[in-house]
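*Asks:* If it helps, the file is called entry11.cif and holds mmCIF, C-alpha atoms and all ligand atoms:
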data_target
#
loop_
_atom_site.label_atom_id
_atom_site.label_comp_id
_atom_site.auth_asym_id
_atom_site.auth_seq_id
_atom_site.Cartn_x
_atom_site.Cartn_y
_atom_site.Cartn_z
CA MET A 1 23.31 75.98 -89.66
CA PRO A 2 23.52 72.25 -90.41
CA PHE A 3 20.37 70.48 -89.45
CA ASN A 4 20.47 67.28 -87.47
CA ALA A 5 18.26 65.20 -85.22
CA GLU A 6 20.19 66.13 -82.11
CA GLN A 7 19.54 69.81 -82.64
CA LEU A 8 15.89 69.18 -83.25
CA ASN A 9 15.68 67.20 -80.03
CA MET A 10 17.35 69.96 -78.08
CA GLU A 11 14.95 72.51 -79.51
CA LEU A 12 12.00 70.31 -78.59
CA SER A 13 13.14 69.84 -75.03
CA LEU A 14 13.72 73.58 -74.65
CA GLU A 15 10.24 74.21 -75.93
CA GLN A 16 8.83 71.63 -73.55
CA LYS A 17 10.62 73.16 -70.56
CA PHE A 18 9.38 76.56 -71.63
CA GLN A 19 5.77 75.38 -71.76
CA GLU A 20 6.10 73.66 -68.38
CA LYS A 21 7.32 76.92 -66.91
CA ILE A 22 4.31 78.70 -68.39
CA ASP A 23 1.98 76.01 -67.07
CA ARG A 24 3.38 76.51 -63.57
CA ASP A 25 2.43 80.17 -64.08
CA GLU A 26 6.04 81.29 -63.88
CA ARG A 27 7.27 84.41 -65.63
CA ILE A 28 9.57 84.54 -68.63
CA GLU A 29 12.34 87.16 -68.46
CA PRO A 30 14.17 88.80 -71.39
CA ARG A 31 17.25 86.58 -71.46
CA ASP A 32 15.39 83.30 -70.91
CA TRP A 33 15.02 80.93 -73.83
CA MET A 34 11.69 81.38 -75.63
CA PRO A 35 10.25 80.08 -78.89
CA ASP A 36 10.58 82.46 -81.81
CA SER A 37 6.84 82.55 -82.27
CA TYR A 38 6.34 83.62 -78.63
CA ARG A 39 8.85 86.43 -79.10
CA LYS A 40 7.23 87.54 -82.36
CA THR A 41 3.74 87.48 -80.87
CA LEU A 42 4.89 89.61 -77.95
CA VAL A 43 6.75 92.11 -80.11
CA ARG A 44 3.64 92.52 -82.22
CA GLN A 45 1.27 92.83 -79.28
CA ILE A 46 3.42 95.07 -77.07
CA SER A 47 4.38 97.40 -79.90
CA GLN A 48 0.76 97.67 -81.07
CA HIS A 49 -0.14 98.50 -77.51
CA ALA A 50 2.63 101.13 -77.30
CA HIS A 51 1.58 102.70 -80.60
CA SER A 52 -2.01 102.85 -79.35
CA GLU A 53 -0.97 104.81 -76.27
CA ILE A 54 1.02 107.27 -78.39
CA VAL A 55 -1.53 107.73 -81.19
CA GLY A 56 -4.22 107.86 -78.50
CA MET A 57 -2.84 111.21 -77.34
CA LEU A 58 -3.94 112.86 -80.59
CA PRO A 59 -7.76 112.81 -80.35
CA GLU A 60 -7.61 114.14 -76.80
CA GLY A 61 -4.75 116.55 -77.38
CA ASN A 62 -7.12 118.14 -79.88
CA TRP A 63 -9.17 119.51 -76.95
CA ILE A 64 -6.52 120.65 -74.48
CA SER A 65 -6.55 124.25 -75.72
CA ARG A 66 -10.37 124.28 -75.72
CA ALA A 67 -11.09 122.65 -72.36
CA PRO A 68 -13.98 124.51 -70.71
CA SER A 69 -12.18 125.30 -67.44
CA LEU A 70 -8.72 125.32 -65.90
CA LYS A 71 -9.60 122.26 -63.80
CA ARG A 72 -10.61 120.29 -66.89
CA LYS A 73 -7.55 121.46 -68.76
CA LEU A 74 -5.18 120.35 -65.99
CA GLY A 75 -6.88 116.96 -65.77
CA LEU A 76 -6.79 116.42 -69.50
CA MET A 77 -3.15 117.48 -69.79
CA ALA A 78 -2.18 115.10 -66.99
CA LYS A 79 -4.08 112.27 -68.66
CA VAL A 80 -2.51 112.86 -72.07
CA GLN A 81 0.92 113.04 -70.44
CA ASP A 82 0.21 109.70 -68.73
CA GLU A 83 -0.59 108.15 -72.11
CA ALA A 84 2.83 109.28 -73.36
CA GLY A 85 4.29 107.55 -70.30
CA HIS A 86 2.32 104.38 -71.04
CA GLY A 87 3.68 104.38 -74.57
CA LEU A 88 7.22 104.69 -73.20
CA TYR A 89 6.85 101.91 -70.60
CA LEU A 90 5.59 99.67 -73.38
CA TYR A 91 8.25 100.55 -75.95
CA SER A 92 10.77 99.84 -73.22
CA ALA A 93 9.18 96.40 -72.62
CA ALA A 94 9.18 95.64 -76.37
CA GLU A 95 12.85 96.58 -76.61
CA THR A 96 13.77 93.89 -74.06
CA LEU A 97 12.78 91.40 -76.78
CA GLY A 98 15.60 92.61 -79.00
CA ILE A 99 13.83 95.04 -81.31
CA GLU A 100 15.09 98.61 -81.56
CA ARG A 101 13.08 101.75 -80.97
CA ASP A 102 13.93 103.04 -84.44
CA THR A 103 12.41 99.95 -86.02
CA LEU A 104 9.28 100.20 -83.91
CA ILE A 105 8.75 103.85 -84.83
CA ASP A 106 9.36 103.07 -88.51
CA GLN A 107 6.79 100.30 -88.41
CA LEU A 108 4.20 102.73 -87.07
CA HIS A 109 5.04 105.46 -89.54
CA THR A 110 5.03 103.21 -92.59
CA GLY A 111 1.73 101.60 -91.62
CA LYS A 112 3.33 98.20 -91.09
CA ALA A 113 2.31 98.16 -87.43
CA LYS A 114 -1.26 98.65 -86.27
CA TYR A 115 -2.67 100.53 -83.33
CA SER A 116 -6.10 100.47 -81.73
CA SER A 117 -8.72 101.48 -84.32
CA ILE A 118 -10.63 103.57 -81.81
CA PHE A 119 -8.15 106.41 -82.27
CA ASN A 120 -9.12 106.77 -85.92
CA TYR A 121 -12.40 108.39 -84.94
CA PRO A 122 -12.61 112.19 -84.61
CA THR A 123 -13.30 114.10 -81.35
CA LEU A 124 -16.06 116.48 -82.44
CA THR A 125 -17.24 117.99 -79.15
CA TRP A 126 -16.10 118.36 -75.55
CA ALA A 127 -18.45 115.52 -74.60
CA ASP A 128 -16.22 113.21 -76.66
CA ILE A 129 -13.42 113.81 -74.16
CA GLY A 130 -15.66 112.66 -71.32
CA THR A 131 -16.81 109.67 -73.33
CA ILE A 132 -13.29 108.64 -74.25
CA GLY A 133 -12.21 108.66 -70.61
CA TRP A 134 -15.27 106.69 -69.59
CA LEU A 135 -15.53 104.15 -72.42
CA VAL A 136 -12.16 104.01 -74.16
CA ASP A 137 -10.08 104.04 -70.98
CA GLY A 138 -12.72 101.80 -69.40
CA ALA A 139 -12.26 99.24 -72.17
CA ALA A 140 -8.49 99.63 -71.94
CA ILE A 141 -8.63 98.87 -68.20
CA MET A 142 -10.73 95.78 -68.89
CA ASN A 143 -8.06 94.58 -71.34
CA GLN A 144 -5.07 95.62 -69.25
CA VAL A 145 -5.90 94.28 -65.81
CA PRO A 146 -5.50 90.62 -66.88
CA LEU A 147 -2.27 91.58 -68.68
CA CYS A 148 -0.72 92.38 -65.28
CA ARG A 149 -0.43 88.59 -64.98
CA CYS A 150 0.93 88.06 -68.49
CA SER A 151 3.70 85.46 -68.70
CA TYR A 152 6.27 87.92 -70.03
CA GLY A 153 7.76 89.74 -67.03
CA PRO A 154 8.56 93.15 -68.51
CA TYR A 155 5.13 93.42 -70.14
CA ALA A 156 3.34 92.40 -66.95
CA ARG A 157 5.33 94.92 -64.90
CA ALA A 158 4.62 97.71 -67.38
CA MET A 159 0.93 96.85 -67.12
CA VAL A 160 0.97 97.16 -63.34
CA ARG A 161 2.24 100.73 -63.65
CA VAL A 162 -0.26 101.49 -66.41
CA CYS A 163 -3.24 100.10 -64.50
CA LYS A 164 -2.38 102.17 -61.43
CA GLU A 165 -2.65 105.29 -63.56
CA GLU A 166 -5.72 104.40 -65.64
CA SER A 167 -8.33 104.71 -62.96
CA PHE A 168 -7.94 108.49 -62.79
CA HIS A 169 -8.42 108.62 -66.58
CA GLN A 170 -11.74 106.88 -66.42
CA ARG A 171 -12.97 108.87 -63.45
CA GLN A 172 -12.11 112.25 -64.98
CA GLY A 173 -14.02 111.21 -68.11
CA PHE A 174 -17.06 110.07 -66.20
CA GLU A 175 -17.07 113.27 -64.17
CA ILE A 176 -17.05 115.35 -67.37
CA LEU A 177 -20.11 113.45 -68.60
CA LEU A 178 -21.81 113.72 -65.22
CA SER A 179 -21.46 117.53 -65.34
CA LEU A 180 -22.85 117.63 -68.88
CA CYS A 181 -25.75 115.34 -68.04
CA GLN A 182 -26.67 117.45 -65.03
CA GLY A 183 -26.39 120.65 -67.12
CA SER A 184 -28.62 122.24 -69.76
CA PRO A 185 -30.67 120.14 -72.22
CA GLU A 186 -28.14 121.06 -74.91
CA GLN A 187 -25.28 119.77 -72.79
CA LYS A 188 -27.08 116.53 -72.10
CA ALA A 189 -27.84 116.13 -75.80
CA MET A 190 -24.15 116.57 -76.47
CA ALA A 191 -23.34 113.72 -74.06
CA GLN A 192 -25.95 111.51 -75.73
CA ASP A 193 -24.55 112.31 -79.17
CA ALA A 194 -21.04 111.39 -78.03
CA LEU A 195 -22.25 108.08 -76.59
CA ASN A 196 -24.06 107.35 -79.86
CA ARG A 197 -20.83 107.77 -81.79
CA TRP A 198 -18.40 106.07 -79.38
CA TRP A 199 -20.40 103.10 -78.11
CA TRP A 200 -19.87 100.70 -80.99
CA PRO A 201 -16.23 101.59 -81.67
CA SER A 202 -15.59 101.00 -77.94
CA LEU A 203 -17.01 97.49 -78.18
CA MET A 204 -14.77 96.91 -81.20
CA MET A 205 -11.74 97.70 -79.02
CA PHE A 206 -11.83 94.13 -77.72
CA GLY A 207 -10.97 92.87 -81.18
CA PRO A 208 -12.71 90.42 -83.50
CA SER A 209 -15.16 87.92 -82.13
CA ASP A 210 -13.62 84.70 -80.78
CA VAL A 211 -14.52 82.70 -83.88
CA ASP A 212 -12.52 85.12 -86.03
CA SER A 213 -9.57 85.44 -83.69
CA PRO A 214 -7.12 82.72 -84.74
CA HIS A 215 -4.31 83.75 -82.36
CA THR A 216 -6.39 83.70 -79.20
CA GLN A 217 -5.91 80.04 -78.40
CA GLN A 218 -2.14 80.13 -78.69
CA SER A 219 -1.94 83.36 -76.70
CA MET A 220 -4.00 81.78 -73.96
CA ALA A 221 -1.80 78.67 -73.92
CA TRP A 222 1.17 81.00 -73.45
CA ASN A 223 -0.56 82.94 -70.65
CA ILE A 224 -0.25 86.12 -72.62
CA LYS A 225 -3.99 86.38 -72.78
CA ARG A 226 -6.15 85.26 -69.86
CA PHE A 227 -9.62 85.89 -71.28
CA SER A 228 -11.01 85.83 -74.79
CA ASN A 229 -12.13 88.96 -76.67
CA ASP A 230 -15.80 88.10 -76.31
CA GLU A 231 -15.51 87.42 -72.58
CA LEU A 232 -13.92 90.80 -71.95
CA ARG A 233 -16.41 92.56 -74.22
CA GLN A 234 -19.30 91.04 -72.31
CA ARG A 235 -17.85 92.15 -68.97
CA PHE A 236 -17.41 95.64 -70.34
CA VAL A 237 -21.04 95.83 -71.46
CA ASP A 238 -22.23 94.52 -68.10
CA MET A 239 -20.15 97.08 -66.25
CA THR A 240 -21.00 100.04 -68.49
CA VAL A 241 -24.74 99.82 -69.08
CA PRO A 242 -25.66 100.64 -65.46
CA GLN A 243 -23.23 103.57 -65.60
CA ALA A 244 -25.04 104.94 -68.67
CA GLU A 245 -28.32 104.60 -66.78
CA LEU A 246 -26.81 106.56 -63.93
CA LEU A 247 -25.88 109.32 -66.36
CA GLY A 248 -29.39 109.20 -67.83
CA ILE A 249 -28.27 108.62 -71.40
CA THR A 250 -29.21 105.73 -73.68
CA VAL A 251 -26.90 103.12 -75.13
CA PRO A 252 -27.53 103.18 -78.90
CA ASP A 253 -28.47 99.52 -79.23
CA PRO A 254 -32.14 98.58 -79.61
CA GLU A 255 -31.29 94.94 -78.91
CA LEU A 256 -29.60 95.63 -75.58
CA LYS A 257 -31.49 93.76 -72.88
CA PHE A 258 -30.72 92.26 -69.50
CA ASN A 259 -30.84 88.49 -69.64
CA GLU A 260 -32.17 87.10 -66.34
CA ALA A 261 -30.92 83.61 -67.12
CA THR A 262 -27.27 84.56 -67.69
CA SER A 263 -27.20 87.76 -65.60
CA ASN A 264 -25.54 89.43 -68.58
CA TYR A 265 -26.71 92.08 -70.98
CA ASP A 266 -27.44 90.68 -74.42
CA PHE A 267 -26.44 93.13 -77.11
CA GLY A 268 -26.77 93.59 -80.87
CA GLU A 269 -24.41 92.52 -83.61
CA ILE A 270 -21.26 94.61 -84.09
CA ASP A 271 -20.72 96.03 -87.56
CA TRP A 272 -17.61 94.01 -88.39
CA ASP A 273 -17.38 95.53 -91.86
CA GLU A 274 -16.80 98.89 -90.26
CA PHE A 275 -14.24 97.33 -87.91
CA TRP A 276 -12.20 95.80 -90.73
CA GLN A 277 -12.46 98.96 -92.84
CA VAL A 278 -10.91 101.02 -90.05
CA VAL A 279 -8.26 98.37 -89.34
CA LYS A 280 -7.31 98.42 -93.01
CA GLY A 281 -6.77 102.17 -92.89
CA HIS A 282 -10.08 103.50 -94.19
CA GLY A 283 -11.38 105.03 -90.95
CA PRO A 284 -12.24 108.73 -90.73
CA CYS A 285 -8.83 109.80 -89.33
CA ASN A 286 -6.25 107.10 -90.13
CA LYS A 287 -4.25 109.33 -92.48
CA ASP A 288 -4.35 112.37 -90.19
CA ARG A 289 -3.15 110.38 -87.21
CA ILE A 290 -0.11 108.94 -88.94
CA ALA A 291 0.68 112.25 -90.65
CA ALA A 292 0.62 113.95 -87.23
CA ARG A 293 2.97 111.32 -85.74
CA VAL A 294 5.41 111.52 -88.63
CA LYS A 295 5.44 115.32 -88.44
CA ALA A 296 6.07 115.28 -84.69
CA HIS A 297 8.93 112.83 -85.14
CA GLU A 298 10.52 114.78 -87.97
CA ASP A 299 10.06 118.14 -86.26
CA GLY A 300 11.81 116.72 -83.22
CA ALA A 301 14.79 115.37 -85.15
CA TRP A 302 16.91 118.48 -84.60
CA VAL A 303 16.45 118.15 -80.83
CA ARG A 304 17.73 114.57 -80.85
CA GLU A 305 20.62 115.52 -83.10
CA ALA A 306 21.57 118.57 -81.03
CA SER A 307 21.44 116.62 -77.79
CA MET A 308 23.64 113.87 -79.23
CA ALA A 309 26.12 116.45 -80.53
CA TYR A 310 26.19 118.06 -77.07
CA ALA A 311 26.73 114.69 -75.37
CA GLU A 312 29.58 113.84 -77.73
CA LYS A 313 31.22 117.20 -77.11
CA GLN A 314 31.01 116.74 -73.37
CA GLU A 315 32.56 113.31 -73.76
CA GLN A 316 35.42 114.78 -75.84
CA ARG A 317 36.08 117.42 -73.20
CA LYS A 318 36.38 114.75 -70.55
CA LEU A 319 38.93 112.92 -72.69
CA ASN A 320 40.98 115.99 -73.71
CA PRO A 321 40.67 118.56 -70.93
CA ILE A 322 43.90 120.40 -71.96
CA GLU A 323 42.77 121.09 -75.50
CA VAL A 324 39.72 122.83 -74.13
CA LYS A 325 41.87 125.15 -71.98
CA THR A 326 44.04 126.26 -74.90
CA ALA A 327 41.10 126.63 -77.28
CA MET B 1 21.48 109.45 -90.06
CA LYS B 2 19.60 106.60 -88.41
CA LYS B 3 21.00 106.84 -84.91
CA TYR B 4 18.52 106.80 -82.07
CA LEU B 5 19.51 108.03 -78.63
CA PRO B 6 21.20 105.34 -76.49
CA LEU B 7 19.17 103.20 -74.10
CA TYR B 8 19.48 103.70 -70.33
CA GLU B 9 18.23 101.47 -67.52
CA ILE B 10 16.48 103.36 -64.74
CA PHE B 11 16.60 102.58 -61.00
CA ILE B 12 14.48 104.44 -58.48
CA ARG B 13 14.57 104.68 -54.70
CA SER B 14 10.99 105.27 -53.62
CA LYS B 15 11.99 106.52 -50.16
CA ASN B 16 15.01 106.60 -47.92
CA GLY B 17 15.62 103.26 -46.26
CA LEU B 18 14.74 101.27 -49.40
CA HIS B 19 16.93 100.00 -52.21
CA HIS B 20 16.95 101.50 -55.67
CA LYS B 21 14.76 99.30 -57.81
CA HIS B 22 14.82 98.74 -61.55
CA VAL B 23 11.72 100.30 -63.14
CA GLY B 24 12.38 100.15 -66.89
CA SER B 25 14.43 101.90 -69.52
CA LEU B 26 14.38 104.95 -71.75
CA HIS B 27 16.40 106.69 -74.43
CA ALA B 28 18.53 109.75 -73.75
CA SER B 29 21.60 111.43 -75.20
CA ASP B 30 23.56 111.42 -71.93
CA PRO B 31 23.14 110.47 -68.26
CA GLN B 32 21.88 113.93 -67.28
CA MET B 33 19.14 113.78 -69.87
CA ALA B 34 18.34 110.22 -68.81
CA ILE B 35 17.77 111.45 -65.25
CA MET B 36 15.50 114.25 -66.40
CA ASN B 37 13.52 111.92 -68.66
CA ALA B 38 13.30 109.33 -65.88
CA ARG B 39 11.78 111.96 -63.61
CA ASP B 40 9.06 112.65 -66.20
CA VAL B 41 8.46 109.05 -67.23
CA TYR B 42 8.78 107.19 -63.93
CA THR B 43 8.04 109.63 -61.09
CA ARG B 44 4.96 111.60 -62.17
CA ARG B 45 3.24 110.67 -58.92
CA GLN B 46 6.04 111.02 -56.40
CA GLU B 47 7.23 107.44 -56.89
CA GLY B 48 10.82 108.35 -56.12
CA ILE B 49 13.29 110.53 -54.28
CA SER B 50 16.46 109.28 -55.98
CA ILE B 51 17.26 108.09 -59.50
CA TRP B 52 20.15 106.02 -60.84
CA VAL B 53 20.73 105.63 -64.56
CA ILE B 54 23.17 103.43 -66.42
CA GLU B 55 23.58 102.81 -70.11
CA SER B 56 22.06 99.41 -70.89
CA LYS B 57 25.13 98.27 -72.80
CA ASP B 58 27.25 98.66 -69.65
CA ILE B 59 25.31 96.04 -67.70
CA THR B 60 26.84 92.59 -67.45
CA ALA B 61 24.32 89.86 -66.66
CA SER B 62 24.59 86.23 -65.60
CA ASN B 63 23.53 83.67 -68.17
CA PRO B 64 20.03 82.27 -67.49
CA THR B 65 20.65 79.05 -69.44
CA ASP B 66 23.42 78.01 -67.02
CA SER B 67 21.45 78.99 -63.98
CA ASP B 68 20.80 75.43 -62.75
CA ALA B 69 24.52 74.66 -62.54
CA PHE B 70 25.46 78.19 -61.55
CA TYR B 71 23.31 78.23 -58.42
CA ALA B 72 23.77 74.53 -57.63
CA PRO B 73 26.54 75.04 -55.00
CA ALA B 74 23.96 76.58 -52.64
CA GLU B 75 21.50 73.75 -53.09
CA ASP B 76 22.96 71.12 -50.73
CA LYS B 77 24.10 73.48 -47.99
CA VAL B 78 21.20 73.10 -45.61
CA TYR B 79 23.56 73.81 -42.72
CA ARG B 80 23.47 77.48 -43.72
CA HIS B 81 19.91 77.67 -42.45
CA PRO B 82 18.93 77.98 -38.77
CA THR B 83 16.44 75.09 -38.89
CA PHE B 84 19.32 72.66 -39.61
CA TYR B 85 20.36 72.87 -35.94
CA LYS B 86 18.11 70.92 -33.57
CA LEU B 87 17.63 72.39 -30.14
CA PRO B 88 15.32 71.30 -27.32
CA ASP B 89 12.00 73.13 -27.06
CA GLU B 90 12.97 74.58 -23.67
CA VAL B 91 15.53 76.85 -25.27
CA LYS B 92 13.79 80.18 -25.71
CA TYR B 93 14.62 83.22 -27.80
CA MET B 94 16.93 81.52 -30.28
FE FE C 1 -3.02 104.40 -71.37
FE FE C 2 -5.64 106.01 -70.22
#
Just give me the structure as structure tokens.
Ligand SMILES: [Fe+2]
Ligand SMILES: [Fe+2]
*Replies:*
Amino acid sequence: MPFNAEQLNMELSLEQKFQEKIDRDERIEPRDWMPDSYRKTLVRQISQHAHSEIVGMLPEGNWISRAPSLKRKLGLMAKVQDEAGHGLYLYSAAETLGIERDTLIDQLHTGKAKYSSIFNYPTLTWADIGTIGWLVDGAAIMNQVPLCRCSYGPYARAMVRVCKEESFHQRQGFEILLSLCQGSPEQKAMAQDALNRWWWPSLMMFGPSDVDSPHTQQSMAWNIKRFSNDELRQRFVDMTVPQAELLGITVPDPELKFNEATSNYDFGEIDWDEFWQVVKGHGPCNKDRIAARVKAHEDGAWVREASMAYAEKQEQRKLNPIEVKTA
Amino acid sequence: MKKYLPLYEIFIRSKNGLHHKHVGSLHASDPQMAIMNARDVYTRRQEGISIWVIESKDITASNPTDSDAFYAPAEDKVYRHPTFYKLPDEVKYM
């Protein structure tokens, strides 16, 4: 396209109008004009979010066949099914930005797209299932509630549906832990062990600290993000520590202490080396998770192909009803 | 073959007396499958009693960039609103 000053001016005024709309807290809808960088940021964020929901089914799916009772099994199955739904709402929102499902799935399978690092940790005992519901879904809720007011309409609407469903996830998890903590000493020890392993990775779910999060400012100017990573992390700690006390288990952080002056809990330094290692693919389960997703997708290929063949045949029959009679 | 299932837009009536409302989209091989998938994806908690599906490519939409001009004819027609007509306060129930 030939470049000229007029075009540049038009682009600038579009961008200005766009930002004014954002500043009035209006929503952007799929066919509205938006800067390329806004679109790219959203595709990245929404698809990462979708992948996290889908990969997030794996650690919990691992325990469905070993749930300790029918009640727990039903609850866990319903939760895992919800996560599949969340993934689908989000893929659907990402697709409104003009990217195809095939491409999104490819990006996950080839490692080009990321998903939440928390799902690269193994679920070793039943107490992990309780802890995931409590902490991982708890952290997800903390992140997702402000996203219900995100400037991009389809993303915000998907988040409203997701948030409605999350609260049951967290409650079923907490109830699992409550039962274990009120059970035998071995059961309580199991809950403590799970908290020891999941606490720090849960704090990492909020992403790098604000000083190392270069995109935060722009995302906040676009009303995609409403609070910074550190703000949300702090709220999560403040909300969760009293819940751990209620369970009677100890948060594995010797520096954790209530600060009278700020009314917040001060907490120790996160091991950012570990965080970046897992992000880069060197967590305990990164390879297993992707291998499981690729296998599921490939094993399901014949179903997609058969259903398309069936649909095409039905279509043909509609077009040529006589041929069918003579056949 | 790199052909994903086509995209369908999903509309759900939450109860009789209300309109069908757009809730999102999903992929399916045909409309029947889209309805079944929509039941599983969008009505897991009794959110609906009726589902409409339509292939996304069959939807024609107005152009948002022209919307100022497109909706302008309604802008200066204040006389379409009841408050345009001035009546004395004594007139009740109108
Ligand atoms: Fe979820
Ligand atoms: Fe969840």
*Asks:* Using all atoms listed in the file, which residue out of B:Thr83, B:Ser29, B:Gln46, B:Ser62 lies closest to chain A?
*Replies:* B:Ser29
*Asks:* For ligand FE 2 (chain C), list the contacting residues at 9 Å or closer, counting all atoms listed in the file, as number ranges by chain.
*Replies:* A: 53, 56, 79-80, 82-83, 86, 133, 136-138, 140-141, 162-163, 165-170
*Asks:* Nearest to chain A among B:Glu9, B:Asp30, B:Asp58, B:Glu90, with distances taken over only C-alpha atoms: which residue is it?
*Replies:*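 The closest residue to chain A is B:Asp30.
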*Asks:* Taking only C-alpha atoms into account, find every residue of chain A that has an atom no more than 7 Å from chain B, and write it out as a VMD selection string.
*Replies:* chain A and resid 31 to 32 85 89 92 102 307 to 308 311
*Asks:* Keeping only C-alpha atoms, take the residues you just selected and write them out as a PDB file, keeping the file's coordinate frame.
*Replies:*
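Listed below is the output, selection.pdb:
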ATOM      1  CA  ARG A  31      17.250  86.580 -71.460  1.00  0.00           C
ATOM      2  CA  ASP A  32      15.390  83.300 -70.910  1.00  0.00           C
ATOM      3  CA  GLY A  85       4.290 107.550 -70.300  1.00  0.00           C
ATOM      4  CA  TYR A  89       6.850 101.910 -70.600  1.00  0.00           C
ATOM      5  CA  SER A  92      10.770  99.840 -73.220  1.00  0.00           C
ATOM      6  CA  ASP A 102      13.930 103.040 -84.440  1.00  0.00           C
ATOM      7  CA  SER A 307      21.440 116.620 -77.790  1.00  0.00           C
ATOM      8  CA  MET A 308      23.640 113.870 -79.230  1.00  0.00           C
ATOM      9  CA  ALA A 311      26.730 114.690 -75.370  1.00  0.00           C
TER      10      ALA A 311
END
*Asks:* Which polymer residues have any atom within 10 Å of an atom of B:Arg13, counting all atoms listed in the file, with same-chain residues fewer than 5 positions away left out, as a ChimeraX atom specification?
*Replies:* /B:18-23,47-52
*Asks:* Can you measure atom CA of A:Thr103 to atom CA of A:Ala50 for me? One decimal in Å is fine.
*Replies:* 13.2 Å
